[in-house]
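Chemist: For reference, the structure I am asking about is given below.
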Amino acid sequence: MGFPLADDQRGKLARAFALDELPKGRLSVIWTTTPGRFRNQALNVHPDYLYSLVETEKGSLVLANDLKEACLSRFGLRRRAQSSAFDHNAPGKALELINFKHPFYERLRPSTSAST
């Protein structure tokens, strides 16, 4: 399930990944094990884990660094040709309190720190 980045959060996400700016259409990917979780109240990041901004042929995704290759394979996505050699990385603590739009409801969901 993809959560689009809230428009006013573009600068925050760019800074988290040490970028000057982001092109439009960034997504944060989450996965869930139960249907009830579609009412998500937040996107959780582990403060000490590394996350990658991965450019794909269908847009950019924020993925856990250790899972990015498995996720791309599972989602059937390929990297965008010009970005295949390098992903921008950030620790989870840099992604805290960045707002994303819920994919089904008219509400914002912040990324929050969760270490368990």
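Ordered as shown in the structure tokens, chains take letters A, B, and onward, while each chain numbers its residues from 1 and ligands are numbered from 1 in the order shown.
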May I have the residues within 10 Å of Gly11 in chain A as an MDAnalysis selection string, using only C-alpha atoms and disregarding those fewer than 2 positions away in the same chain?
Modeler: chainID A and resid 7:9 13:16 19:22 98
Chemist: Would you mind listing what lies within 12 Å of Glu106 in chain A as a list in words, with only C-alpha atoms counted and same-chain residues fewer than 6 positions away left out?
Modeler: Phe3, Pro4, Ala6, Arg39 and Phe100 of chain A
Chemist: Using CA of Ala64 in chain A and CA of Phe104 in chain A as the two end points, give the distance in Å to one decimal.
Modeler: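 A separation of 23.0 Å between them.
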Chemist: What is the distance, in Å and to one decimal place, between CA of Asn99 in chain A and CA of Lys68 in chain A?
Modeler: 21.4 Å
Chemist: Write out as a ChimeraX atom specification the residues lying within 9 Å of Pro110 in chain A, counting only C-alpha atoms and excluding same-chain residues fewer than 3 positions away.
Modeler: /A:41-44,96-101
Chemist: Convert the current residue selection to file output with C-alpha atoms, as an mmCIF file, in the first residue's frame.
Modeler:
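Printed below is part28.cif as written:
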```cif
data_model
loop_
_atom_site.group_PDB
_atom_site.id
_atom_site.type_symbol
_atom_site.label_atom_id
_atom_site.label_comp_id
_atom_site.auth_asym_id
_atom_site.auth_seq_id
_atom_site.Cartn_x
_atom_site.Cartn_y
_atom_site.Cartn_z
ATOM 1 C CA GLN A 41 -2.865 5.902 12.256
ATOM 2 C CA ALA A 42 0.827 6.293 11.419
ATOM 3 C CA LEU A 43 3.734 4.969 9.409
ATOM 4 C CA ASN A 44 6.347 3.495 11.716
ATOM 5 C CA GLU A 96 10.185 10.928 11.955
ATOM 6 C CA LEU A 97 7.139 13.211 11.854
ATOM 7 C CA ILE A 98 6.986 13.528 8.073
ATOM 8 C CA ASN A 99 3.338 13.510 6.990
ATOM 9 C CA PHE A 100 1.951 11.257 4.287
ATOM 10 C CA LYS A 101 -1.576 11.111 2.879
#
```
